[in-house]
Amino acid sequence: DSNELENLFFVHPTSWKIWSAFPHVLMIDVTYKTNKYNKPLVEIVGVTSTRKTFSVGFVFIHREKETNYTLVLNCVKSILDKCMHPRVKITDRELALINACETVFPDATRQLCRWHIEQNILKISSKIITLDDDRNSSRILWNLLVGSPTLMAYTENYQRLQSMLIKYPRKLVY
């Protein structure tokens, strides 16, 4: 109605080919108004079978609303043509984006982005844990837990983290 461009989706032809070969994991994040036009930039990233990330595409959107995100995800879906759809979608806690993901890719498992989880943990740690040494120890133990290569290592690292955080029950619950 305003005769202005509201959403702009772009993808490189090589990214299109890679996305068609590796459509299993879809990561979506938004950079907020850091460009000349003050428009949110949606970055869509995929993962290869060798765990290398690649850019699927980028979208400038007019607003961070569910309808805009649905449009974005339908564009992503359309470039898959007849390929399988993603099995996993990774986002932050942006509810409009989460809802759009559920609408467009309802069968994909949703996961919260590890980086965003870590940022939340760091923020809560700074409020709850007052000693720098304990804060550093909890961060190190958290990173060991997240990087655990096996279920046995995960269990051991979780027990270590639990025993360290026993004096900080709010952090342990979080």
# chains A, B, ... in the order shown; residues from 1 in each chain; ligands from 1
>>> residues_around(residues="Val56 in chain A", least_positions_apart="6", cutoff="7 Å", atoms="only C-alpha atoms", output="MDAnalysis selection string")
chainID A and resid 11 15:16 19 44:46
>>> select_by_dssp(residues="range 47-136 of chain A", states="strand (DSSP E)", output="number ranges by chain")
A: 47, 53-60, 88-91, 109-112
>>> closest_residue(among="A:Lys52, A:His116, A:Lys89, A:Lys65", to="Met27 in chain A", atoms="only C-alpha atoms")
A:Lys89
>>> residues_around(residues="range 59-63 of chain A", least_positions_apart="6", cutoff="12 Å", atoms="only C-alpha atoms", output="VMD selection string")
chain A and resid 2 4 to 11 28 to 45 69 to 76 96 to 97
>>> closest_residue(among="A:Ile90, A:Val173, A:Ala100, A:Leu165", to="Asp134 in chain A", atoms="only C-alpha atoms")
A:Leu165
>>> atom_distance(atom1="CA of Met152 in chain A", atom2="CA of Arg139 in chain A")
20.1 Å
>>> closest_residue(among="A:Ile129, A:Ser55, A:Thr48, A:Tyr158", to="His12 in chain A", atoms="only C-alpha atoms")
A:Ser55
>>> atom_distance(atom1="CA of His24 in chain A", atom2="CA of Ser78 in chain A")
15.0 Å
>>> atom_distance(atom1="CA of Ile98 in chain A", atom2="CA of Arg170 in chain A")
27.2 Å
>>> select_by_dssp(residues="range 30-170 of chain A", states="helix (DSSP H, G or I)", output="PyMOL selection string")
chain A and resi 66-78+95-104+114-128+132-146+151-167+169-170
>>> closest_residue(among="A:Tyr168, A:Trp142, A:Ser126, A:Lys77", to="Phe105 in chain A", atoms="only C-alpha atoms")
A:Lys77
>>> closest_residue(among="A:Gln111, A:Lys171, A:Pro106, A:Thr150", to="Lys127 in chain A", atoms="only C-alpha atoms")
A:Lys171
